[in-house]
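The structure file target_2.pdb is reproduced below (PDB, C-alpha atoms).
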ATOM      1  CA  MET A   1     142.148  88.117 183.226  1.00  0.00           C
ATOM      2  CA  SER A   2     142.574  91.780 182.255  1.00  0.00           C
ATOM      3  CA  GLU A   3     140.803  93.249 179.289  1.00  0.00           C
ATOM      4  CA  GLN A   4     142.928  95.303 176.878  1.00  0.00           C
ATOM      5  CA  SER A   5     141.653  98.670 175.749  1.00  0.00           C
ATOM      6  CA  PRO A   6     141.282  99.036 171.991  1.00  0.00           C
ATOM      7  CA  THR A   7     144.159 100.529 170.043  1.00  0.00           C
ATOM      8  CA  ILE A   8     144.153 102.297 166.736  1.00  0.00           C
ATOM      9  CA  ASP A   9     146.542 101.964 163.841  1.00  0.00           C
ATOM     10  CA  ARG A  10     147.985 105.465 163.437  1.00  0.00           C
ATOM     11  CA  SER A  11     148.556 104.993 159.709  1.00  0.00           C
ATOM     12  CA  LEU A  12     144.873 104.117 159.252  1.00  0.00           C
ATOM     13  CA  LEU A  13     143.914 107.220 161.231  1.00  0.00           C
ATOM     14  CA  LEU A  14     146.291 109.306 159.141  1.00  0.00           C
ATOM     15  CA  GLU A  15     144.610 108.017 155.969  1.00  0.00           C
ATOM     16  CA  GLN A  16     141.259 109.254 157.313  1.00  0.00           C
ATOM     17  CA  SER A  17     142.551 112.668 158.434  1.00  0.00           C
ATOM     18  CA  GLY A  18     141.945 114.384 155.079  1.00  0.00           C
ATOM     19  CA  TRP A  19     138.384 113.108 154.999  1.00  0.00           C
ATOM     20  CA  VAL A  20     137.828 114.263 158.596  1.00  0.00           C
ATOM     21  CA  LEU A  21     139.112 117.746 157.743  1.00  0.00           C
ATOM     22  CA  ARG A  22     136.844 118.017 154.671  1.00  0.00           C
ATOM     23  CA  LEU A  23     133.884 116.847 156.736  1.00  0.00           C
ATOM     24  CA  ALA A  24     134.690 119.389 159.452  1.00  0.00           C
ATOM     25  CA  HIS A  25     134.844 122.186 156.848  1.00  0.00           C
ATOM     26  CA  ASN A  26     131.411 121.159 155.562  1.00  0.00           C
ATOM     27  CA  LEU A  27     129.968 121.042 159.067  1.00  0.00           C
ATOM     28  CA  VAL A  28     131.428 124.234 160.504  1.00  0.00           C
ATOM     29  CA  ARG A  29     132.002 126.524 157.493  1.00  0.00           C
ATOM     30  CA  ASP A  30     134.713 128.363 159.434  1.00  0.00           C
ATOM     31  CA  PRO A  31     138.288 127.411 158.516  1.00  0.00           C
ATOM     32  CA  TYR A  32     139.660 127.828 162.045  1.00  0.00           C
ATOM     33  CA  GLY A  33     136.681 126.151 163.684  1.00  0.00           C
ATOM     34  CA  ALA A  34     136.894 123.285 161.180  1.00  0.00           C
ATOM     35  CA  ASP A  35     140.561 122.776 161.991  1.00  0.00           C
ATOM     36  CA  ASP A  36     139.670 122.631 165.683  1.00  0.00           C
ATOM     37  CA  VAL A  37     136.883 120.104 165.092  1.00  0.00           C
ATOM     38  CA  ALA A  38     139.133 117.900 162.934  1.00  0.00           C
ATOM     39  CA  GLN A  39     141.953 118.039 165.478  1.00  0.00           C
ATOM     40  CA  GLU A  40     139.630 117.226 168.398  1.00  0.00           C
ATOM     41  CA  THR A  41     138.137 114.335 166.399  1.00  0.00           C
ATOM     42  CA  LEU A  42     141.542 112.814 165.712  1.00  0.00           C
ATOM     43  CA  LEU A  43     142.607 113.320 169.324  1.00  0.00           C
ATOM     44  CA  ALA A  44     139.428 111.584 170.491  1.00  0.00           C
ATOM     45  CA  ALA A  45     140.285 108.652 168.239  1.00  0.00           C
ATOM     46  CA  LEU A  46     143.748 108.431 169.742  1.00  0.00           C
ATOM     47  CA  ALA A  47     142.537 108.814 173.326  1.00  0.00           C
ATOM     48  CA  ALA A  48     139.581 106.424 173.189  1.00  0.00           C
ATOM     49  CA  PRO A  49     139.441 104.551 169.889  1.00  0.00           C
ATOM     50  CA  PRO A  50     136.377 102.563 168.955  1.00  0.00           C
ATOM     51  CA  GLY A  51     136.459  98.824 169.488  1.00  0.00           C
ATOM     52  CA  ASP A  52     136.453  98.109 165.750  1.00  0.00           C
ATOM     53  CA  ALA A  53     139.136 100.646 164.791  1.00  0.00           C
ATOM     54  CA  ALA A  54     140.856  98.143 162.484  1.00  0.00           C
ATOM     55  CA  ASP A  55     137.980  98.292 159.986  1.00  0.00           C
ATOM     56  CA  ALA A  56     138.467 101.440 157.886  1.00  0.00           C
ATOM     57  CA  ARG A  57     134.786 101.762 157.006  1.00  0.00           C
ATOM     58  CA  ARG A  58     133.613 101.519 160.616  1.00  0.00           C
ATOM     59  CA  LEU A  59     136.397 103.846 161.746  1.00  0.00           C
ATOM     60  CA  ARG A  60     135.237 106.446 159.203  1.00  0.00           C
ATOM     61  CA  ALA A  61     131.641 106.161 160.447  1.00  0.00           C
ATOM     62  CA  TRP A  62     132.807 106.583 164.036  1.00  0.00           C
ATOM     63  CA  LEU A  63     134.996 109.574 163.126  1.00  0.00           C
ATOM     64  CA  GLY A  64     132.042 111.128 161.283  1.00  0.00           C
ATOM     65  CA  ARG A  65     129.786 110.817 164.337  1.00  0.00           C
ATOM     66  CA  VAL A  66     132.446 112.298 166.608  1.00  0.00           C
ATOM     67  CA  ALA A  67     133.125 115.185 164.192  1.00  0.00           C
ATOM     68  CA  PHE A  68     129.397 115.889 163.849  1.00  0.00           C
ATOM     69  CA  ASN A  69     128.925 115.938 167.630  1.00  0.00           C
ATOM     70  CA  LEU A  70     131.944 118.185 168.157  1.00  0.00           C
ATOM     71  CA  ALA A  71     130.790 120.588 165.424  1.00  0.00           C
ATOM     72  CA  HIS A  72     127.313 120.694 166.946  1.00  0.00           C
ATOM     73  CA  LEU A  73     128.741 121.459 170.387  1.00  0.00           C
ATOM     74  CA  ALA A  74     130.999 124.185 168.964  1.00  0.00           C
ATOM     75  CA  THR A  75     128.065 125.800 167.157  1.00  0.00           C
ATOM     76  CA  ARG A  76     125.902 125.701 170.282  1.00  0.00           C
ATOM     77  CA  ARG A  77     128.718 127.228 172.365  1.00  0.00           C
ATOM     78  CA  SER A  78     129.240 129.959 169.810  1.00  0.00           C
ATOM     79  CA  MET A  79     125.530 130.797 169.634  1.00  0.00           C
ATOM     80  CA  ARG A  80     125.210 130.918 173.435  1.00  0.00           C
ATOM     81  CA  ARG A  81     128.335 133.088 173.718  1.00  0.00           C
ATOM     82  CA  ARG A  82     127.050 135.474 171.050  1.00  0.00           C
ATOM     83  CA  ALA A  83     123.650 135.737 172.769  1.00  0.00           C
ATOM     84  CA  ARG A  84     125.281 136.442 176.153  1.00  0.00           C
ATOM     85  CA  GLU A  85     127.558 139.079 174.639  1.00  0.00           C
ATOM     86  CA  GLU A  86     124.637 140.788 172.897  1.00  0.00           C
ATOM     87  CA  ASP A  87     122.609 140.801 176.122  1.00  0.00           C
ATOM     88  CA  VAL A  88     125.506 142.304 178.049  1.00  0.00           C
ATOM     89  CA  ALA A  89     126.192 144.877 175.335  1.00  0.00           C
ATOM     90  CA  ARG A  90     122.533 145.941 175.225  1.00  0.00           C
ATOM     91  CA  GLY A  91     122.420 146.112 179.009  1.00  0.00           C
ATOM     92  CA  GLU A  92     125.466 148.356 179.216  1.00  0.00           C
ATOM     93  CA  ASN A  93     124.164 150.724 176.571  1.00  0.00           C
ATOM     94  CA  LEU A  94     120.770 151.066 178.231  1.00  0.00           C
ATOM     95  CA  ALA A  95     122.122 151.343 181.758  1.00  0.00           C
ATOM     96  CA  ASP A  96     124.681 154.045 180.939  1.00  0.00           C
ATOM     97  CA  ALA A  97     122.519 156.099 178.562  1.00  0.00           C
ATOM     98  CA  PRO A  98     120.987 158.504 181.155  1.00  0.00           C
ATOM     99  CA  LEU A  99     124.353 159.146 182.806  1.00  0.00           C
ATOM    100  CA  VAL A 100     126.061 159.791 179.484  1.00  0.00           C
ATOM    101  CA  LEU A 101     123.210 162.050 178.426  1.00  0.00           C
ATOM    102  CA  ILE A 102     123.422 164.150 181.592  1.00  0.00           C
ATOM    103  CA  VAL A 103     127.204 164.526 181.218  1.00  0.00           C
ATOM    104  CA  ASP A 104     126.758 165.424 177.553  1.00  0.00           C
ATOM    105  CA  ILE A 105     124.277 168.213 178.338  1.00  0.00           C
ATOM    106  CA  GLY A 106     127.091 170.348 179.721  1.00  0.00           C
ATOM    107  CA  LYS A 107     129.239 169.588 176.669  1.00  0.00           C
ATOM    108  CA  GLN A 108     126.360 170.450 174.330  1.00  0.00           C
ATOM    109  CA  GLN A 109     125.887 173.817 175.983  1.00  0.00           C
ATOM    110  CA  THR A 110     129.614 174.476 175.640  1.00  0.00           C
ATOM    111  CA  TYR A 111     129.533 173.513 171.948  1.00  0.00           C
ATOM    112  CA  ARG A 112     126.545 175.762 171.294  1.00  0.00           C
ATOM    113  CA  ALA A 113     128.276 178.725 172.891  1.00  0.00           C
ATOM    114  CA  GLY A 114     131.473 178.062 170.942  1.00  0.00           C
ATOM    115  CA  LEU A 115     129.760 177.608 167.587  1.00  0.00           C
ATOM    116  CA  GLY A 116     127.711 180.760 167.730  1.00  0.00           C
ATOM    117  CA  ALA A 117     124.198 181.407 166.573  1.00  0.00           C
ATOM    118  CA  GLY A 118     124.845 180.398 162.955  1.00  0.00           C
ATOM    119  CA  CYS A 119     125.287 176.674 163.706  1.00  0.00           C
ATOM    120  CA  GLN A 120     122.908 176.318 166.627  1.00  0.00           C
ATOM    121  CA  GLY A 121     120.098 174.899 164.457  1.00  0.00           C
ATOM    122  CA  LEU A 122     122.439 172.222 163.143  1.00  0.00           C
ATOM    123  CA  VAL A 123     123.487 171.248 166.671  1.00  0.00           C
ATOM    124  CA  ASP A 124     119.828 171.148 167.784  1.00  0.00           C
ATOM    125  CA  ARG A 125     118.927 168.815 164.902  1.00  0.00           C
ATOM    126  CA  ALA A 126     121.879 166.516 165.690  1.00  0.00           C
ATOM    127  CA  ILE A 127     120.864 166.350 169.352  1.00  0.00           C
ATOM    128  CA  GLU A 128     117.237 165.691 168.394  1.00  0.00           C
ATOM    129  CA  ARG A 129     118.292 162.897 166.076  1.00  0.00           C
ATOM    130  CA  PHE A 130     120.514 161.397 168.781  1.00  0.00           C
ATOM    131  CA  LEU A 131     117.638 161.498 171.273  1.00  0.00           C
ATOM    132  CA  GLY A 132     115.247 159.828 168.847  1.00  0.00           C
ATOM    133  CA  HIS A 133     113.160 162.953 168.137  1.00  0.00           C
ATOM    134  CA  ARG A 134     112.567 163.596 171.839  1.00  0.00           C
ATOM    135  CA  SER A 135     113.313 166.883 173.452  1.00  0.00           C
ATOM    136  CA  LEU A 136     116.280 167.222 175.761  1.00  0.00           C
ATOM    137  CA  GLY A 137     113.947 167.821 178.739  1.00  0.00           C
ATOM    138  CA  ASP A 138     111.974 164.604 178.034  1.00  0.00           C
ATOM    139  CA  ALA A 139     115.172 162.542 177.791  1.00  0.00           C
ATOM    140  CA  VAL A 140     116.618 163.862 181.079  1.00  0.00           C
ATOM    141  CA  GLY A 141     113.320 163.986 183.026  1.00  0.00           C
TER     142      GLY A 141
END
Turn this file's structure into structure tokens for me.
Amino acid sequence: MSEQSPTIDRSLLLEQSGWVLRLAHNLVRDPYGADDVAQETLLAALAAPPGDAADARRLRAWLGRVAFNLAHLATRRSMRRRAREEDVARGENLADAPLVLIVDIGKQQTYRAGLGAGCQGLVDRAIERFLGHRSLGDAVG
């Protein structure tokens, strides 16, 4: 004797779709992310419906749990991605800073010569501010 997998009444699922979308908007607070969560929730219901999918109240509870879990996973993914991107961005800035500074020394000398003595103090202050109030020799050495 073979056991049938549960099926879901598509019209019942369609009735719940507005509620799922509102719930997703409350959970995610991002319109595009909420649309994704709602769509994934409805697809999960179609792919593997709960055993008691005929009962609208139980279906809504099941959809709510699935939407909550999907929103939680999306938030965790987003936070991890943001943290990785910030780490990489900080790493690039710190790793390239000495090289950029050494290349810029030649440019700074060219700018100073081109600007003349009248603007040299302004250029020195801009360089000092860029270096965080360190001298050019301290930054390179």
Check your understanding: So how many Å separate CA of Arg76 (chain A) and CA of Ala44 (chain A), to one decimal?
Key -> 19.6 Å
Practice item. Name every residue that the PyMOL selection byres ((chain A and resi 26-30) around 9) selects in this structure, writing the answer as a ChimeraX atom specification with chains first and numbers rising. Key: /A:21-25,31-35,37,67-68,71-72,74-75
How big is the axis-aligned box around the listed atoms of region 47-54 of chain A once 8 Å is added on each side, and where is its centre? Give both in Å to one decimal, as lines of an AutoDock Vina configuration file.
center_x = 139.5
center_y = 103.5
center_z = 167.9
size_x = 22.2
size_y = 26.7
size_z = 26.8
Practice item. Between CA of Arg10 (chain A) and CA of Leu42 (chain A), measure the distance and give it in Å to one decimal. Key: 10.0 Å
Exercise for review: Run through the PyMOL selection byres ((chain A and resi 56) around 12) on the given coordinates and return the selected residues as a ChimeraX atom specification.
Suggested key: /A:8-17,50,52-55,57-63
Check your understanding: Between A:Trp19, A:Glu86, A:Ala47, A:Arg77, which is the closest to Gly64 (chain A) once you count all atoms listed in the file?
Key ->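 For Gly64 (chain A), the nearest of the candidates is A:Trp19.
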Exercise for review: Identify which of the residues A:Ala38, A:Leu46, A:Ala83, A:Ala89 lies closest to Arg65 (chain A), counting all atoms listed in the file when measuring atom-to-atom distances.
Suggested key: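 That would be A:Ala38, the residue with the smallest distance to Arg65 (chain A).
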